[in-house]
file input_1.txt (compact mmCIF, C-alpha atoms)
# COMPACT_ATOMS: atom_id res chain seq x y z
CA MET A 3 39.76 -9.69 8.57
CA THR A 4 39.04 -6.06 9.40
CA GLU A 5 37.96 -5.08 12.88
CA ARG A 6 34.27 -5.71 13.36
CA ARG A 7 31.91 -2.84 13.93
CA GLY A 8 28.22 -2.54 14.64
CA PRO A 9 25.77 -3.05 17.49
CA LEU A 10 26.29 -6.85 17.61
CA VAL A 11 30.06 -6.79 18.21
CA GLY A 12 30.79 -9.46 20.81
CA LEU A 13 27.90 -11.73 19.75
CA LYS A 14 29.16 -15.13 18.62
CA VAL A 15 27.06 -17.14 16.17
CA LEU A 16 27.56 -20.75 15.11
CA ASP A 17 26.22 -20.96 11.56
CA LEU A 18 25.29 -24.48 10.44
CA THR A 19 23.32 -23.23 7.46
CA TRP A 20 23.64 -23.72 3.75
CA VAL A 21 22.45 -22.28 0.43
CA LEU A 22 20.30 -19.21 1.17
CA SER A 23 17.68 -18.85 3.94
CA GLY A 24 20.09 -19.55 6.80
CA PRO A 25 23.13 -17.83 5.25
CA TYR A 26 20.99 -14.74 4.59
CA CYS A 27 20.04 -14.65 8.28
CA THR A 28 23.62 -15.00 9.49
CA MET A 29 24.91 -12.54 6.86
CA THR A 30 22.47 -9.99 8.28
CA LEU A 31 23.85 -10.63 11.79
CA SER A 32 27.45 -10.46 10.52
CA ASP A 33 26.84 -7.13 8.77
CA LEU A 34 25.64 -5.78 12.14
CA GLY A 35 28.86 -6.85 13.86
CA ALA A 36 28.33 -10.45 15.01
CA ASP A 37 31.22 -12.92 14.76
CA VAL A 38 29.66 -15.62 12.56
CA ILE A 39 31.49 -18.95 12.55
CA LYS A 40 30.26 -20.98 9.59
CA VAL A 41 30.44 -24.73 10.27
CA GLU A 42 30.74 -26.53 6.93
CA ARG A 43 30.30 -30.20 6.18
CA PRO A 44 33.41 -31.91 4.80
CA PRO A 45 34.67 -32.55 2.27
CA TYR A 46 33.05 -29.91 0.02
CA GLY A 47 31.24 -27.53 2.36
CA ASP A 48 28.16 -25.47 1.61
CA VAL A 49 26.63 -26.65 -1.67
CA ALA A 50 26.23 -22.96 -2.60
CA ARG A 51 29.97 -23.00 -3.32
CA THR A 52 29.07 -24.82 -6.56
CA THR A 53 26.30 -22.40 -7.57
CA GLY A 54 26.92 -20.10 -10.50
CA PRO A 55 28.07 -17.69 -11.61
CA LEU A 56 31.51 -19.22 -11.09
CA ILE A 57 34.65 -17.12 -11.47
CA GLY A 58 37.94 -18.98 -11.33
CA GLY A 59 36.18 -21.95 -9.75
CA GLU A 60 34.67 -19.77 -6.99
CA SER A 61 30.99 -19.01 -6.60
CA ALA A 62 29.99 -15.35 -6.74
CA TYR A 63 26.62 -16.48 -5.38
CA PHE A 64 28.28 -17.90 -2.26
CA HIS A 65 30.40 -14.77 -1.93
CA SER A 66 27.31 -12.53 -1.91
CA VAL A 67 25.67 -14.09 1.18
CA ASN A 68 28.66 -15.36 3.19
CA ARG A 69 30.86 -12.28 3.32
CA GLY A 70 32.39 -11.39 6.67
CA LYS A 71 32.09 -14.90 8.16
CA ARG A 72 34.73 -17.31 9.41
CA SER A 73 34.64 -20.93 8.21
CA ILE A 74 35.49 -24.10 10.07
CA SER A 75 34.92 -27.65 8.89
CA ILE A 76 34.21 -30.51 11.30
CA ASP A 77 33.03 -34.05 10.66
CA LEU A 78 30.07 -34.03 13.05
CA LYS A 79 29.40 -37.70 12.39
CA SER A 80 32.70 -38.68 14.02
CA ALA A 81 32.92 -38.99 17.80
CA GLU A 82 35.96 -36.69 18.00
CA GLY A 83 34.42 -34.10 15.71
CA LYS A 84 31.17 -34.05 17.62
CA ALA A 85 33.05 -33.75 20.93
CA LEU A 86 34.98 -30.72 19.63
CA PHE A 87 31.76 -29.15 18.39
CA LEU A 88 30.10 -29.61 21.78
CA ARG A 89 33.06 -27.89 23.41
CA LEU A 90 32.28 -24.82 21.29
CA ILE A 91 28.73 -24.47 22.61
CA PRO A 92 29.58 -22.73 25.91
CA HIS A 93 31.54 -20.12 23.95
CA VAL A 94 28.75 -19.00 21.61
CA ASP A 95 25.51 -17.05 21.98
CA VAL A 96 23.52 -18.21 18.97
CA LEU A 97 23.24 -21.27 16.75
CA VAL A 98 21.40 -21.16 13.40
CA GLU A 99 20.68 -24.22 11.26
CA ASN A 100 18.44 -24.93 8.27
CA TYR A 101 18.58 -28.69 7.85
CA THR A 102 15.47 -30.78 7.26
CA PRO A 103 13.68 -31.29 10.61
CA GLY A 104 15.17 -34.24 12.49
CA VAL A 105 18.71 -34.01 11.11
CA MET A 106 20.15 -32.14 14.11
CA ALA A 107 18.33 -34.43 16.55
CA GLY A 108 19.75 -37.42 14.69
CA LEU A 109 23.23 -36.03 15.33
CA GLY A 110 22.41 -35.46 19.00
CA LEU A 111 22.74 -31.71 18.45
CA ASP A 112 19.16 -30.52 18.92
CA TYR A 113 18.15 -27.68 21.23
CA ASP A 114 17.51 -29.89 24.24
CA ALA A 115 21.00 -31.39 24.03
CA LEU A 116 22.82 -28.10 23.47
CA SER A 117 20.84 -25.97 25.93
CA ALA A 118 21.81 -28.47 28.63
CA ILE A 119 25.41 -27.39 27.98
CA ASN A 120 24.66 -23.67 27.61
CA GLU A 121 21.33 -22.49 28.98
CA ARG A 122 21.92 -19.02 27.45
CA LEU A 123 22.07 -20.46 23.92
CA VAL A 124 19.63 -18.99 21.39
CA TYR A 125 18.99 -21.78 18.88
CA CYS A 126 17.22 -20.99 15.59
CA SER A 127 15.98 -23.60 13.11
CA ILE A 128 14.80 -22.62 9.63
CA SER A 129 12.92 -25.16 7.55
CA GLY A 130 10.42 -25.28 4.73
CA PHE A 131 7.32 -25.97 6.79
CA GLY A 132 8.46 -25.72 10.40
CA GLN A 133 9.30 -28.29 13.05
CA THR A 134 5.67 -29.28 13.69
CA GLY A 135 2.54 -30.02 11.71
CA PRO A 136 1.55 -32.57 9.03
CA MET A 137 3.98 -31.14 6.43
CA HIS A 138 6.98 -30.64 8.72
CA ALA A 139 9.08 -33.50 7.34
CA GLN A 140 8.71 -32.51 3.68
CA PRO A 141 11.85 -31.04 2.10
CA ALA A 142 11.33 -27.67 0.45
CA LEU A 143 13.30 -25.26 -1.66
CA ASP A 144 12.30 -21.68 -2.36
CA ILE A 145 9.91 -22.22 -5.26
CA VAL A 146 8.13 -25.09 -3.48
CA VAL A 147 7.34 -22.82 -0.55
CA GLN A 148 6.35 -19.93 -2.80
CA GLY A 149 3.95 -22.30 -4.51
CA ALA A 150 2.53 -23.62 -1.25
CA GLY A 151 2.10 -20.15 0.27
CA GLY A 152 0.03 -18.77 -2.60
CA ILE A 153 2.36 -15.94 -3.55
CA MET A 154 2.88 -17.12 -7.12
CA SER A 155 -0.88 -17.35 -7.61
CA VAL A 156 -1.15 -13.57 -7.16
CA THR A 157 1.99 -12.67 -9.15
CA GLY A 158 1.68 -11.98 -12.86
CA GLU A 159 -0.88 -10.59 -15.27
CA PRO A 160 -4.61 -11.33 -14.97
CA GLY A 161 -5.42 -14.54 -16.83
CA GLY A 162 -1.74 -15.38 -17.29
CA ARG A 163 0.41 -18.20 -15.99
CA PRO A 164 1.76 -18.04 -12.40
CA ILE A 165 4.98 -16.06 -12.13
CA ARG A 166 7.85 -16.49 -9.69
CA PRO A 167 8.96 -13.11 -8.34
CA GLY A 168 12.44 -12.19 -9.55
CA LEU A 169 14.11 -13.15 -6.27
CA SER A 170 14.12 -16.11 -3.87
CA LEU A 171 11.41 -14.61 -1.72
CA GLY A 172 10.77 -17.82 0.22
CA ASP A 173 14.37 -17.99 1.42
CA ILE A 174 14.87 -14.26 1.94
CA ALA A 175 11.71 -13.71 3.99
CA ALA A 176 12.52 -16.68 6.23
CA GLY A 177 16.11 -15.47 6.67
CA LEU A 178 14.98 -12.00 7.70
CA TYR A 179 12.36 -13.32 10.13
CA ALA A 180 15.02 -15.63 11.57
CA ALA A 181 17.32 -12.64 12.18
CA ILE A 182 14.43 -10.80 13.88
CA GLY A 183 13.73 -13.86 16.01
CA VAL A 184 17.37 -14.21 17.03
CA LEU A 185 17.68 -10.55 18.01
CA SER A 186 14.41 -10.74 19.96
CA ALA A 187 15.59 -13.78 21.90
CA VAL A 188 19.00 -12.24 22.60
CA TYR A 189 17.27 -9.12 23.93
CA GLU A 190 14.95 -11.16 26.16
CA ARG A 191 17.92 -13.15 27.45
CA GLU A 192 19.26 -9.99 29.07
CA ARG A 193 16.27 -10.11 31.43
CA SER A 194 15.86 -13.84 31.98
CA GLY A 195 19.45 -15.07 31.61
CA ARG A 196 18.14 -17.92 29.45
CA GLY A 197 18.18 -18.67 25.76
CA GLN A 198 15.36 -20.29 23.84
CA TYR A 199 14.41 -22.18 20.69
CA ILE A 200 13.20 -20.39 17.55
CA ASP A 201 11.22 -22.33 14.93
CA ILE A 202 11.09 -20.48 11.59
CA SER A 203 8.95 -21.90 8.78
CA MET A 204 9.49 -20.59 5.26
CA LEU A 205 5.79 -21.22 4.61
CA ASP A 206 4.79 -19.20 7.67
CA ALA A 207 7.01 -16.36 6.49
CA GLN A 208 5.45 -16.40 3.02
CA VAL A 209 1.99 -16.04 4.53
CA ALA A 210 3.15 -13.30 6.91
CA ILE A 211 4.60 -11.00 4.21
CA GLN A 212 1.52 -11.01 1.99
CA GLU A 213 0.01 -7.87 3.54
CA ASN A 214 -3.77 -8.16 3.48
CA ALA A 215 -4.17 -10.96 0.92
CA PHE A 216 -5.32 -13.52 3.46
CA LEU A 217 -7.60 -11.06 5.22
CA ARG A 218 -9.23 -10.26 1.87
CA HIS A 219 -9.65 -13.98 1.27
CA HIS A 220 -11.28 -14.48 4.67
CA LEU A 221 -13.65 -11.62 3.86
CA GLY A 222 -14.79 -13.51 0.78
CA GLU A 223 -12.82 -11.63 -1.90
CA ALA A 224 -11.20 -13.55 -4.73
CA VAL A 225 -7.46 -12.83 -4.51
CA GLU A 226 -5.99 -13.00 -8.01
CA PRO A 227 -3.01 -11.63 -9.96
CA LEU A 228 -3.33 -7.95 -10.86
CA GLY A 229 -0.12 -7.30 -12.78
CA THR A 230 1.46 -4.21 -11.22
CA ARG A 231 -1.90 -2.84 -10.07
CA HIS A 232 -2.80 -2.33 -6.41
CA PRO A 233 -6.01 -4.06 -5.24
CA ALA A 234 -7.44 -0.96 -3.54
CA SER A 235 -5.88 2.10 -5.18
CA VAL A 236 -5.90 3.21 -8.83
CA PRO A 237 -3.66 4.40 -10.43
CA PHE A 238 -1.00 2.58 -8.42
CA GLN A 239 0.95 0.64 -11.04
CA ALA A 240 3.34 0.73 -14.00
CA PHE A 241 2.35 2.31 -17.31
CA PRO A 242 4.19 2.05 -20.65
CA THR A 243 5.65 5.30 -21.94
CA ALA A 244 7.28 6.26 -25.23
CA ASP A 245 10.60 4.78 -24.13
CA GLY A 246 9.99 2.51 -21.13
CA TYR A 247 7.73 2.44 -18.10
CA ILE A 248 6.69 4.80 -15.33
CA VAL A 249 5.32 3.76 -11.96
CA VAL A 250 2.67 5.99 -10.44
CA ALA A 251 1.06 5.80 -7.01
CA LEU A 252 -1.65 8.28 -6.19
CA ALA A 253 -1.78 8.67 -2.42
CA TRP A 254 -4.96 8.30 -0.44
CA GLY A 255 -6.64 11.45 0.84
CA VAL A 256 -4.39 14.04 -0.85
CA PRO A 257 -6.57 17.01 -1.93
CA ASN A 258 -6.78 17.72 -5.66
CA GLN A 259 -4.18 15.12 -6.58
CA TRP A 260 -6.50 13.31 -9.00
CA HIS A 261 -7.44 16.59 -10.69
CA LEU A 262 -3.81 17.70 -11.01
CA PHE A 263 -2.89 14.27 -12.37
CA CYS A 264 -5.64 14.43 -15.01
CA ALA A 265 -4.74 17.98 -16.00
CA GLU A 266 -1.07 17.12 -16.55
CA LEU A 267 -2.00 14.10 -18.66
CA GLY A 268 -4.41 16.20 -20.74
CA LEU A 269 -7.39 14.26 -19.45
CA VAL A 270 -9.46 17.02 -17.85
CA GLU A 271 -12.60 15.45 -19.29
CA ILE A 272 -12.38 12.48 -16.90
CA ALA A 273 -11.37 14.43 -13.77
CA ASP A 274 -15.00 14.75 -12.61
CA ASP A 275 -16.28 11.54 -14.13
CA GLU A 276 -18.18 9.79 -11.34
CA ARG A 277 -16.63 6.47 -12.36
CA PHE A 278 -13.17 7.77 -11.44
CA PHE A 279 -13.75 10.47 -8.82
CA SER A 280 -12.54 8.46 -5.80
CA ALA A 281 -9.92 5.79 -5.22
CA GLN A 282 -12.67 3.25 -4.56
CA ALA A 283 -14.53 4.20 -7.73
CA ARG A 284 -11.37 4.05 -9.83
CA SER A 285 -10.61 0.61 -8.39
CA ARG A 286 -14.10 -0.63 -9.30
CA ASN A 287 -13.77 0.78 -12.82
CA HIS A 288 -10.10 0.19 -13.46
CA ALA A 289 -10.83 -1.78 -16.64
CA ALA A 290 -12.30 1.35 -18.20
CA LEU A 291 -9.67 3.73 -16.79
CA GLU A 292 -6.43 1.90 -17.52
CA PRO A 293 -6.61 2.10 -21.37
CA ILE A 294 -7.21 5.85 -21.15
CA LEU A 295 -4.18 6.37 -18.89
CA GLU A 296 -1.99 4.04 -20.98
CA ALA A 297 -2.74 5.97 -24.15
CA ALA A 298 -1.86 9.26 -22.45
CA PHE A 299 1.43 7.99 -20.97
CA ARG A 300 2.58 6.57 -24.32
CA SER A 301 2.65 10.10 -25.74
CA SER A 302 5.90 11.08 -23.98
CA THR A 303 9.03 9.68 -22.35
CA THR A 304 9.41 8.35 -18.85
CA ALA A 305 11.77 11.18 -17.82
CA ASP A 306 9.36 13.81 -19.11
CA TRP A 307 6.39 12.36 -17.23
CA VAL A 308 8.39 12.00 -14.02
CA SER A 309 9.52 15.62 -14.22
CA ARG A 310 6.01 16.88 -14.90
CA LEU A 311 4.22 14.86 -12.23
CA GLN A 312 6.79 15.42 -9.51
CA ARG A 313 6.13 19.15 -9.75
CA TYR A 314 2.84 18.38 -7.98
CA ASN A 315 4.44 15.93 -5.52
CA ILE A 316 2.63 13.06 -7.20
CA PRO A 317 4.56 9.89 -6.22
CA CYS A 318 6.09 8.45 -9.38
CA GLY A 319 9.35 7.29 -10.87
CA PRO A 320 10.95 5.24 -13.62
CA LEU A 321 10.72 1.47 -13.69
CA ASN A 322 14.45 0.75 -13.67
CA THR A 323 16.33 -2.29 -14.81
CA ILE A 324 18.82 -3.77 -12.34
CA GLY A 325 21.59 -1.98 -14.24
CA GLN A 326 19.78 1.35 -14.04
CA ALA A 327 19.09 0.86 -10.34
CA ALA A 328 22.75 0.00 -9.73
CA ALA A 329 23.76 3.31 -11.31
CA LEU A 330 21.48 5.47 -9.15
CA PRO A 331 23.42 8.29 -7.47
CA GLN A 332 21.14 7.85 -4.46
CA LEU A 333 22.46 4.34 -3.87
CA GLU A 334 26.05 5.52 -4.32
CA TYR A 335 25.45 8.27 -1.78
CA ARG A 336 23.92 5.75 0.64
CA GLU A 337 27.00 3.47 0.18
CA MET A 338 24.82 0.53 -0.82
CA PHE A 339 27.55 -1.04 -2.98
CA VAL A 340 30.87 -1.76 -1.29
CA PRO A 341 33.88 -3.07 -3.26
CA ILE A 342 35.18 -6.23 -1.58
CA GLU A 343 38.35 -8.00 -2.69
CA HIS A 344 38.24 -11.80 -3.03
CA ARG A 345 41.46 -13.70 -3.56
CA THR A 346 40.13 -15.50 -6.67
CA ILE A 347 37.09 -13.59 -7.86
CA GLY A 348 38.77 -10.21 -7.60
CA THR A 349 37.03 -7.01 -6.56
CA LEU A 350 33.25 -7.10 -6.64
CA PRO A 351 30.79 -4.51 -5.35
CA LEU A 352 28.59 -6.28 -2.80
CA VAL A 353 25.26 -4.97 -1.57
CA ASN A 354 25.78 -3.31 1.81
CA THR A 355 23.49 -3.57 4.82
CA PRO A 356 20.47 -1.27 4.49
CA VAL A 357 20.43 -0.74 8.28
CA LYS A 358 21.94 2.70 8.82
CA LEU A 359 22.81 3.26 12.48
CA SER A 360 23.99 6.69 13.66
CA ARG A 361 26.27 5.67 16.53
CA THR A 362 27.21 2.01 15.92
CA PRO A 363 27.10 1.54 12.15
CA GLY A 364 27.63 -1.93 10.77
CA GLY A 365 28.85 -2.95 7.33
CA ILE A 366 30.56 -5.73 5.42
CA ALA A 367 33.44 -6.99 7.53
CA ASP A 368 35.40 -8.91 4.91
CA THR A 369 35.28 -11.24 1.94
CA SER A 370 33.69 -14.68 2.09
CA PRO A 371 35.88 -17.42 3.61
CA ASP A 372 37.39 -20.47 1.99
CA MET A 373 36.00 -23.71 3.41
CA GLY A 374 37.79 -24.48 6.67
CA GLN A 375 39.93 -21.37 6.38
CA HIS A 376 39.51 -20.56 10.09
CA THR A 377 39.40 -24.08 11.55
CA ARG A 378 42.79 -23.77 13.23
CA GLU A 379 42.17 -20.18 14.34
CA VAL A 380 38.74 -20.76 15.91
CA LEU A 381 39.53 -24.04 17.65
CA GLY A 382 42.88 -22.71 18.80
CA ASP A 383 41.53 -19.44 20.16
CA LEU A 384 38.23 -20.62 21.66
CA LEU A 385 39.19 -24.11 22.83
CA GLY A 386 42.96 -23.86 23.20
CA VAL A 387 43.60 -26.83 20.89
CA ASP A 388 47.33 -26.87 20.17
CA ASP A 389 48.88 -26.90 16.72
CA ALA A 390 50.07 -30.50 16.88
CA THR A 391 46.62 -31.77 17.85
CA LEU A 392 44.99 -29.68 15.12
CA ALA A 393 47.44 -31.05 12.54
CA ASP A 394 46.67 -34.61 13.64
CA LEU A 395 42.89 -34.09 13.50
CA ILE A 396 43.21 -32.56 10.05
CA ALA A 397 45.39 -35.42 8.83
CA ARG A 398 42.76 -37.90 10.02
CA GLN A 399 39.96 -35.80 8.43
CA VAL A 400 38.13 -35.13 11.66
CA LEU A 401 38.77 -31.50 10.83
CA TRP A 402 39.34 -29.85 7.46
CA ASP A 403 41.18 -26.62 6.77
CA GLU A 404 40.72 -26.55 3.01
CA ARG A 405 38.38 -27.78 0.33
CA PRO A 406 39.66 -30.52 -1.98
CA GLU A 407 39.86 -29.77 -5.68
CA VAL A 408 36.56 -30.41 -7.43
CA ASP A 409 35.78 -30.22 -11.14
CA LEU A 410 32.80 -27.91 -11.55
CA GLY A 411 32.95 -27.96 -15.32

call {"tool": "encode", "arguments": {"input": "input_1.txt", "output": "structure tokens"}}
result
Amino acid sequence: MTERRGPLVGLKVLDLTWVLSGPYCTMTLSDLGADVIKVERPPYGDVARTTGPLIGGESAYFHSVNRGKRSISIDLKSAEGKALFLRLIPHVDVLVENYTPGVMAGLGLDYDALSAINERLVYCSISGFGQTGPMHAQPALDIVVQGAGGIMSVTGEPGGRPIRPGLSLGDIAAGLYAAIGVLSAVYERERSGRGQYIDISMLDAQVAIQENAFLRHHLGEAVEPLGTRHPASVPFQAFPTADGYIVVALAWGVPNQWHLFCAELGLVEIADDERFFSAQARSRNHAALEPILEAAFRSSTTADWVSRLQRYNIPCGPLNTIGQAAALPQLEYREMFVPIEHRTIGTLPLVNTPVKLSRTPGGIADTSPDMGQHTREVLGDLLGVDDATLADLIARQVLWDERPEVDLG
């Protein structure tokens, strides 16, 4: 593993998470320099290791969110395994877990138990609905939480079926809020000398990221899907062109922008139409305006419209596919794709951290680990467990240093 860099160098994180929300949180911390020790359940580890696409029996999905971490595998249900795990607690700063509420308490590894060993421990739990409330015990995966939080009800075309956004927004939002919570608690610990418990609900996070949707609801407005349109600004959406789509976003309060926009589209006759003269009026009358704009945009290519509108500093751009976005010179310049070598998968460009720090830059530290790859290293270095004892514990399957063969076909 390459030498770690970033503002969190020296921070040790025990990562008891699996699949996505928790691993995304700890990946974010790892990219910023933290030493993340992933604790995997034997015998097969994180279930994400079986998630496709699979290359040579290895999961590219797992690789994408577990890069730069170390992996140990301990049977926490055994007395010896639990005792070894508890010995790790004084040596770490942060613990992150995303089991169903009650699982860690059932193992005797909840915050109360572990903070008694290390009062500086920052302990973060991520769950579908949080640790409290009438829904807290319900299991939840991403789409369940997206459904519960209302976000799918406002995604899609008017009158159409609900649409899941093209990413696991329930998991990702919770993972990012968890990382924010961890960093906040670590910062506060510098003043108080004490850690604390962080309760992250995926449902809470879904509600929090929906801008003003809930405020509009509380003001009595029906909040419904609008396609790509903005609820308060028109045009602020995607329009079909002769060869694809363009996205346009007229800014609020920019003098003459509407008139310049109409002139370039050859629509001078609507520039002073009272139905469209202000952002509020255009929003009220969008049903009349959108067909006019669509017809105009279909008359030329996306590249042509972008070139013409950007001359007036009108915010616009192409609606790219993932492949087109991946090829953007801007992203290459910003080093957002970093080639990382994996022993089985080969070299893959992974998405880099978007946090660009001037003095202590972070970045991807290494490939993703094999299950238990660092069991001997971590327990030897942190706890001083000798090689003979480690070999015995591995032989008796208290510890694991590799994943058994499994047919994923």

call {"tool": "residues_around", "arguments": {"input": "input_1.txt", "residues": "region 316-327 of chain A", "least_positions_apart": "5", "cutoff": "9 Å", "atoms": "only C-alpha atoms", "output": "list in words"}}
result
Ala240, Gly246, Tyr247, Ile248, Val249, Val250, Ala251, Leu252, Ala253, Gln259, Leu262, Phe263, Thr304, Ala305, Trp307, Val308, Ser309, Leu311 and Leu333 of chain A

call {"tool": "residues_around", "arguments": {"input": "input_1.txt", "residues": "Ala273 (chain A)", "least_positions_apart": "5", "cutoff": "8 Å", "atoms": "all atoms listed in the file", "output": "PyMOL selection string"}}
result
chain A and resi 260-261+264-265+278-279

call {"tool": "atom_distance", "arguments": {"input": "input_1.txt", "atom1": "CA of Leu97 (chain A)", "atom2": "CA of Asp206 (chain A)"}}
result
20.7 Å

call {"tool": "atom_distance", "arguments": {"input": "input_1.txt", "atom1": "CA of Thr362 (chain A)", "atom2": "CA of Val340 (chain A)"}}
result
18.0 Å

call {"tool": "closest_residue", "arguments": {"input": "input_1.txt", "among": "A:Pro406, A:Pro331, A:Gly12, A:Gly162", "to": "Val96 (chain A)", "atoms": "only C-alpha atoms"}}
result
A:Gly12

call {"tool": "atom_distance", "arguments": {"input": "input_1.txt", "atom1": "CA of Arg277 (chain A)", "atom2": "CA of Val236 (chain A)"}}
result
11.8 Å

call {"tool": "closest_atom_pairs", "arguments": {"input": "input_1.txt", "of": "region 123-153 of chain A", "to": "region 211-222 of chain A", "cutoff": "12 Å", "atoms": "all atoms listed in the file", "output": "Markdown table"}}
result
| residue | atom | partner | partner_atom | distance |
| --- | --- | --- | --- | --- |
| A:Gln148 | CA | A:Gln212 | CA | 11.2 |
| A:Gly151 | CA | A:Gln212 | CA | 9.3 |
| A:Gly152 | CA | A:Gln212 | CA | 9.1 |
| A:Ile153 | CA | A:Gln212 | CA | 7.5 |

call {"tool": "residues_near_point", "arguments": {"input": "input_1.txt", "point": "(27.3, -36.2, 19.9)", "cutoff": "7 Å", "atoms": "all atoms listed in the file", "output": "compact mmCIF listing (two decimals) with C-alpha atoms, in the coordinates of the input"}}
result
# COMPACT_ATOMS: atom_id res chain seq x y z
CA ALA A 81 32.92 -38.99 17.80
CA LYS A 84 31.17 -34.05 17.62
CA ALA A 85 33.05 -33.75 20.93
CA LEU A 109 23.23 -36.03 15.33
CA GLY A 110 22.41 -35.46 19.00
CA LEU A 111 22.74 -31.71 18.45

call {"tool": "closest_residue", "arguments": {"input": "input_1.txt", "among": "A:Glu292, A:Glu159, A:Asp368, A:Glu379", "to": "His65 (chain A)", "atoms": "all atoms listed in the file"}}
result
A:Asp368

call {"tool": "closest_residue", "arguments": {"input": "input_1.txt", "among": "A:Leu16, A:Val41, A:Leu291, A:Leu185", "to": "Thr377 (chain A)", "atoms": "only C-alpha atoms"}}
result
A:Val41

call {"tool": "closest_residue", "arguments": {"input": "input_1.txt", "among": "A:Gly47, A:Tyr199, A:Asp394, A:Met137", "to": "Ser117 (chain A)", "atoms": "only C-alpha atoms"}}
result
A:Tyr199

call {"tool": "closest_atom_pairs", "arguments": {"input": "input_1.txt", "of": "region 61-180 of chain A", "to": "region 186-198 of chain A", "cutoff": "9 Å", "atoms": "all atoms listed in the file", "output": "Markdown table"}}
result
| residue | atom | partner | partner_atom | distance |
| --- | --- | --- | --- | --- |
| A:Asp95 | CA | A:Val188 | CA | 8.1 |
| A:Val96 | CA | A:Val188 | CA | 8.3 |
| A:Tyr113 | CA | A:Gln198 | CA | 8.3 |
| A:Ser117 | CA | A:Gly197 | CA | 7.8 |
| A:Asn120 | CA | A:Gly197 | CA | 8.4 |
| A:Glu121 | CA | A:Arg196 | CA | 5.6 |
| A:Arg122 | CA | A:Gly197 | CA | 4.1 |
| A:Leu123 | CA | A:Gly197 | CA | 4.7 |
| A:Val124 | CA | A:Gly197 | CA | 4.6 |
| A:Tyr125 | CA | A:Gln198 | CA | 6.3 |
| A:Cys126 | CA | A:Gln198 | CA | 8.5 |

call {"tool": "residues_around", "arguments": {"input": "input_1.txt", "residues": "region 223-232 of chain A", "least_positions_apart": "6", "cutoff": "8 Å", "atoms": "only C-alpha atoms", "output": "PyMOL selection string"}}
result
chain A and resi 155-161+215+238-240

call {"tool": "residues_around", "arguments": {"input": "input_1.txt", "residues": "Arg43 (chain A)", "least_positions_apart": "6", "cutoff": "10 Å", "atoms": "only C-alpha atoms", "output": "PyMOL selection string"}}
result
chain A and resi 18-20+49+74-79+373-374+401-402

call {"tool": "axis_aligned_box", "arguments": {"input": "input_1.txt", "around": "region 357-365 of chain A", "padding_each_side": "8 Å", "output": "JSON"}}
result
{"center_x": 24.6, "center_y": 1.9, "center_z": 11.9, "size_x": 24.4, "size_y": 25.6, "size_z": 25.2}

call {"tool": "decode", "arguments": {"input": "input_1.txt", "residues": "region 219-239 of chain A", "atoms": "C-alpha atoms", "output": "mmCIF file, in the first residue's frame"}}
result
data_model
loop_
_atom_site.group_PDB
_atom_site.id
_atom_site.type_symbol
_atom_site.label_atom_id
_atom_site.label_comp_id
_atom_site.auth_asym_id
_atom_site.auth_seq_id
_atom_site.Cartn_x
_atom_site.Cartn_y
_atom_site.Cartn_z
ATOM 1 C CA HIS A 219 -45.512 21.003 0.536
ATOM 2 C CA HIS A 220 -45.947 22.716 3.891
ATOM 3 C CA LEU A 221 -46.940 25.892 2.052
ATOM 4 C CA GLY A 222 -49.753 23.980 0.378
ATOM 5 C CA GLU A 223 -48.178 23.387 -3.045
ATOM 6 C CA ALA A 224 -48.619 20.040 -4.759
ATOM 7 C CA VAL A 225 -45.116 18.629 -5.280
ATOM 8 C CA GLU A 226 -45.129 16.461 -8.394
ATOM 9 C CA PRO A 227 -42.703 15.188 -11.051
ATOM 10 C CA LEU A 228 -41.647 17.843 -13.559
ATOM 11 C CA GLY A 229 -39.329 15.907 -15.860
ATOM 12 C CA THR A 230 -36.135 17.949 -16.134
ATOM 13 C CA ARG A 231 -37.942 21.229 -15.455
ATOM 14 C CA HIS A 232 -37.253 23.409 -12.411
ATOM 15 C CA PRO A 233 -40.294 24.253 -10.251
ATOM 16 C CA ALA A 234 -39.553 27.985 -10.114
ATOM 17 C CA SER A 235 -37.459 28.890 -13.164
ATOM 18 C CA VAL A 236 -38.207 28.444 -16.871
ATOM 19 C CA PRO A 237 -36.348 27.565 -19.059
ATOM 20 C CA PHE A 238 -34.267 25.447 -16.692
ATOM 21 C CA GLN A 239 -34.362 21.980 -18.247
#
